[in-house]
Amino acid sequence: MFDALDRFWSQRDLAARYPELLFQIHCVVRATVPVMEAARRRAEELSASDPVAAGVADYLARHIPEELHHDDWLLDDIVALGASRDAVLRRVPSAA
């Protein structure tokens with residue numbers, strides 16, 4: 001992994017690649033809270049008969065607030081590099 005990171009950070013066209021990296025990370029981070037919220041709801045549904053689900057629901061209820069707005073931080077960084085906030089939010093991430 002560190003070899004790949006070293007290769008990335010040493011690219012001559014890093015200034016062009018870095019915003020794209022931030023966009024890809026933003027897409028993942030932006031999806032994190034909604035996915036955790038769906039998991040928390042399902043765990044709550046199962047919690048009456050499943051103690052593991054109950055623990056997961058409790059954990060997610062505490063953890064989700066810690067993850068809020070991290071996507072906004074990345075979006076701010078992308079905008080600071082010159083991208084349009086609206087364009088970033090409208091852009092569909094790669095299916096890959």
# chains A, B, ... in the order shown; residues from 1 in each chain; ligands from 1
call {"tool": "select_by_dssp", "arguments": {"residues": "range 2-93 of chain A", "states": "alpha helix (DSSP H)", "output": "ChimeraX atom specification"}}
result
/A:2-9,14-46,51-67,70-80,85-90
call {"tool": "residues_around", "arguments": {"residues": "range 15-22 of chain A", "least_positions_apart": "3", "cutoff": "7 Å", "atoms": "only C-alpha atoms", "output": "list in words"}}
result
Ile25, His26, Leu74 and Ile78 of chain A
call {"tool": "atom_distance", "arguments": {"atom1": "CA of Leu89 in chain A", "atom2": "CA of Val33 in chain A"}}
result
16.0 Å
call {"tool": "residues_around", "arguments": {"residues": "Val92 in chain A", "least_positions_apart": "6", "cutoff": "12 Å", "atoms": "only C-alpha atoms", "output": "PyMOL selection string"}}
result
chain A and resi 23-24+26-28+86
call {"tool": "closest_residue", "arguments": {"among": "A:Thr32, A:Arg90, A:Asp58, A:Leu46", "to": "Asp71 in chain A", "atoms": "only C-alpha atoms"}}
result
A:Thr32
call {"tool": "closest_residue", "arguments": {"among": "A:Leu14, A:Val29, A:Ala43, A:Leu5", "to": "Glu67 in chain A", "atoms": "only C-alpha atoms"}}
result
A:Val29
call {"tool": "atom_distance", "arguments": {"atom1": "CA of Pro93 in chain A", "atom2": "CA of Arg42 in chain A"}}
result
26.1 Å
call {"tool": "residues_around", "arguments": {"residues": "range 63-66 of chain A", "least_positions_apart": "6", "cutoff": "12 Å", "atoms": "only C-alpha atoms", "output": "list in words"}}
result
Thr32, Val33, Pro34, Val35, Met36, Glu37, Ala38, Ala39, Arg40, Val56 and Ala57 of chain A
call {"tool": "write_last_selection", "arguments": {"atoms": "N, CA, C and O atoms", "output": "PDB file, in the first residue's frame"}}
result
ATOM      1  N   THR A  32     -21.421   7.319   3.597  1.00  0.00           N
ATOM      2  CA  THR A  32     -21.203   6.619   4.862  1.00  0.00           C
ATOM      3  C   THR A  32     -22.345   6.802   5.858  1.00  0.00           C
ATOM      4  O   THR A  32     -22.865   5.828   6.403  1.00  0.00           O
ATOM      5  N   VAL A  33     -22.751   8.030   6.120  1.00  0.00           N
ATOM      6  CA  VAL A  33     -23.797   8.270   7.122  1.00  0.00           C
ATOM      7  C   VAL A  33     -25.129   7.666   6.689  1.00  0.00           C
ATOM      8  O   VAL A  33     -25.773   6.978   7.485  1.00  0.00           O
ATOM      9  N   PRO A  34     -25.580   7.860   5.439  1.00  0.00           N
ATOM     10  CA  PRO A  34     -26.839   7.207   5.053  1.00  0.00           C
ATOM     11  C   PRO A  34     -26.801   5.681   5.169  1.00  0.00           C
ATOM     12  O   PRO A  34     -27.787   5.061   5.579  1.00  0.00           O
ATOM     13  N   VAL A  35     -25.672   5.083   4.851  1.00  0.00           N
ATOM     14  CA  VAL A  35     -25.559   3.630   4.981  1.00  0.00           C
ATOM     15  C   VAL A  35     -25.617   3.221   6.455  1.00  0.00           C
ATOM     16  O   VAL A  35     -26.306   2.261   6.827  1.00  0.00           O
ATOM     17  N   MET A  36     -24.909   3.960   7.303  1.00  0.00           N
ATOM     18  CA  MET A  36     -24.956   3.648   8.733  1.00  0.00           C
ATOM     19  C   MET A  36     -26.353   3.877   9.304  1.00  0.00           C
ATOM     20  O   MET A  36     -26.801   3.112  10.170  1.00  0.00           O
ATOM     21  N   GLU A  37     -27.062   4.887   8.835  1.00  0.00           N
ATOM     22  CA  GLU A  37     -28.426   5.131   9.315  1.00  0.00           C
ATOM     23  C   GLU A  37     -29.350   3.978   8.921  1.00  0.00           C
ATOM     24  O   GLU A  37     -30.181   3.534   9.718  1.00  0.00           O
ATOM     25  N   ALA A  38     -29.202   3.476   7.692  1.00  0.00           N
ATOM     26  CA  ALA A  38     -30.008   2.325   7.257  1.00  0.00           C
ATOM     27  C   ALA A  38     -29.671   1.093   8.092  1.00  0.00           C
ATOM     28  O   ALA A  38     -30.570   0.339   8.501  1.00  0.00           O
ATOM     29  N   ALA A  39     -28.392   0.890   8.369  1.00  0.00           N
ATOM     30  CA  ALA A  39     -27.977  -0.244   9.193  1.00  0.00           C
ATOM     31  C   ALA A  39     -28.514  -0.110  10.620  1.00  0.00           C
ATOM     32  O   ALA A  39     -28.964  -1.094  11.219  1.00  0.00           O
ATOM     33  N   ARG A  40     -28.497   1.115  11.144  1.00  0.00           N
ATOM     34  CA  ARG A  40     -29.027   1.325  12.495  1.00  0.00           C
ATOM     35  C   ARG A  40     -30.511   1.018  12.553  1.00  0.00           C
ATOM     36  O   ARG A  40     -30.979   0.331  13.475  1.00  0.00           O
ATOM     37  N   VAL A  56     -25.257  -3.383  17.906  1.00  0.00           N
ATOM     38  CA  VAL A  56     -24.919  -2.628  16.698  1.00  0.00           C
ATOM     39  C   VAL A  56     -25.752  -1.350  16.636  1.00  0.00           C
ATOM     40  O   VAL A  56     -25.236  -0.271  16.330  1.00  0.00           O
ATOM     41  N   ALA A  57     -27.039  -1.459  16.924  1.00  0.00           N
ATOM     42  CA  ALA A  57     -27.918  -0.283  16.914  1.00  0.00           C
ATOM     43  C   ALA A  57     -27.428   0.764  17.910  1.00  0.00           C
ATOM     44  O   ALA A  57     -27.373   1.956  17.588  1.00  0.00           O
TER      45      ALA A  57
END
call {"tool": "atom_distance", "arguments": {"atom1": "CA of Glu44 in chain A", "atom2": "CA of Ala61 in chain A"}}
result
9.9 Å
